[in-house]
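*Asks:* Pasting a structure below so you can have a look.
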Amino acid sequence: MSIRFNAYQQPIGQALPSWKKAKLPKKETITGQYCRLERINVRQHALQLYDAFFNGTDKGLWTYLLSGPFNDFNEYREWLLKLENIKDPFHYAILDKNSNQAIGSIALMRIDPTNGVIEIGSVIFSGRLKKTTMATEAIYLLMKYAFEELGYRRLEWKCDTLNAPSRAAALRYGFTFEGIFRQALVIHGRNRDTAWYSILDLEFPKLSKAFNDWLEPDNFDSEGIQKESLQKLMNYYVK
């Protein structure tokens with residue numbers, strides 16, 4: 001891309017004459033092949049999510065999150081009540097389409113429609129959701145919604161630098177590592193350095209092809225084992 005200069009011969013960024021600010025998320029269900037995302041609703045989702053998150057199978061679920069852990073259902077429910085109607089973060093429950101049960105939650109956050117920037121965060125996958133096709137599809141559904149429906153230019157992913165699974169997931173989903181924000185936060189009485197990742201709108205179409213191919217039923221054998229990895233498909237499309 002050639003460099004542009006202003007009247008003072010200073011280099012300036014690419015012109016965006018047709019840019020109009022992005023849209024805000026709406027209370028609408030986002031449906032995929034294996035899961036669906038519904039706006040958090042305490043009456044519908046609280047008990048199911050509590051059962052999924054607090055069944056004792058994952059004691060470290062809340063270690064890197066800004067919220068939690070919670071002592072009991074009432075405390076968790078009070079937290080959900082605060083999230084139910086706020087617009088940023090905009091929280092979703094992740095439901096298994098087969099069982100119709102909520103088994104995870106996720107949010108769109110740091111929503112900046114004027115500049116077209118939005119983040120996927122507060123990713124809480126229960127043991128029943130982790131490392132499943134539904135988990136990957138849930139991320140893809142929000143990506144697709146942010147870029148294709150809401151019109152954002154930049155999608156971000158941020159996590160504690162010590163959260164190795166989250167950092168690996170960001171790269172697997174096609175995010176580009178941008179750097180470390182040192183001493184960015186204090187959470188649970190300790191320091192957090194934050195790793196930043198992003199995907200741009202011009203990068204998403206190729207990533208979308210990889211996700212769609214990976215999610216095809218033909219890509220899984222009778223036991224649900226993938227035939228082609230998402231990383232291999234991304235390497236094929238993103239050249």
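As shown in the structure tokens, the chain order sets the letters A, B, ...; within each chain, residues go from 1, and ligands are also counted from 1 in the order they appear.
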May I have the residues within 10 Å of segment 213-218 of chain A as a PyMOL selection string, using only C-alpha atoms and disregarding those fewer than 4 positions away in the same chain?

*Replies:* chain A and resi 32-34+133-134+136-137+140+208-209+222+224+226-234

*Asks:* Tell me, which residues of segment 105-215 of chain A carry DSSP strand (DSSP E), written as an NGL selection string?

*Replies:* :A and (105-112 or 117-125 or 154-160 or 176-187 or 190-200)

*Asks:* So that each row is one residue of segment 33-111 of chain A with an atom at most 10 Å from segment 160-169 of chain A, can you give its shortest atom pair and the distance in Å to one decimal, using only C-alpha atoms, rows by chain and rising number, as a tab-separated table?

*Replies:*
residue	atom	partner	partner_atom	distance
A:Thr63	CA	A:Asn163	CA	9.0
A:Tyr64	CA	A:Asp160	CA	6.5
A:Leu65	CA	A:Asp160	CA	8.7

*Asks:* From the set A:Lys23, A:Ala102, A:Phe5, A:Asn85, which residue has the shortest atom-to-atom contact distance to Gly116 of chain A, counting only C-alpha atoms?

*Replies:*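 Of the candidates, the smallest distance to Gly116 of chain A is held by A:Lys23.
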
*Asks:* Would you work out the distance separating atom CA of Lys82 of chain A from atom CA of Tyr50 of chain A, expressed in Å to one decimal?

*Replies:*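 Computing it gives 15.6 Å between the two atoms.
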
*Asks:* Which of segment 52-128 of chain A end up as alpha helix (DSSP H) when DSSP is run on this backbone - answer as a PDB file with C-alpha atoms, in the first residue's frame?

*Replies:*
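File selection_12.pdb, as written:
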ATOM      1  CA  ALA A  52     -22.047 -26.775  34.312  1.00  0.00           C
ATOM      2  CA  PHE A  53     -19.464 -24.540  36.005  1.00  0.00           C
ATOM      3  CA  PHE A  73     -25.670 -20.357  43.568  1.00  0.00           C
ATOM      4  CA  ASN A  74     -27.157 -17.183  45.028  1.00  0.00           C
ATOM      5  CA  GLU A  75     -23.857 -15.351  44.717  1.00  0.00           C
ATOM      6  CA  TYR A  76     -23.440 -16.533  41.129  1.00  0.00           C
ATOM      7  CA  ARG A  77     -27.046 -15.607  40.324  1.00  0.00           C
ATOM      8  CA  GLU A  78     -26.536 -12.074  41.688  1.00  0.00           C
ATOM      9  CA  TRP A  79     -23.533 -11.685  39.417  1.00  0.00           C
ATOM     10  CA  LEU A  80     -25.558 -12.840  36.399  1.00  0.00           C
ATOM     11  CA  LEU A  81     -28.332 -10.391  37.280  1.00  0.00           C
ATOM     12  CA  LYS A  82     -25.855  -7.551  36.906  1.00  0.00           C
ATOM     13  CA  LEU A  83     -24.861  -8.824  33.460  1.00  0.00           C
TER      14      LEU A  83
END

*Asks:* What lies within 7 Å of Leu207 of chain A using only C-alpha atoms, ignoring chain neighbours under 3 positions off, as a list in words?

*Replies:*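 In the requested format, the answer is Gly174, Glu203, Phe204, Ala210, Phe211, Met234 and Val238 of chain A.
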
*Asks:* Measuring between only C-alpha atoms, which one of A:Met143, A:Ile3, A:Ile225, A:Ile94 shows the shortest distance to Leu49 of chain A?

*Replies:*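 Ranking A:Met143, A:Ile3, A:Ile225, A:Ile94 by distance to Leu49 of chain A, first place goes to A:Ile94.
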
*Asks:* Point out the residue among A:Gly104, A:Gly179, A:Pro25, A:Gly13 with the least atom-to-atom distance to Ala46 of chain A, counting only C-alpha atoms.

*Replies:*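 Comparing A:Gly104, A:Gly179, A:Pro25, A:Gly13 against Ala46 of chain A, the winner is A:Gly104.
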
*Asks:* To one decimal place in Å, what is the distance between atom CA of Glu38 of chain A and atom CA of Ala93 of chain A?

*Replies:* 5.3 Å
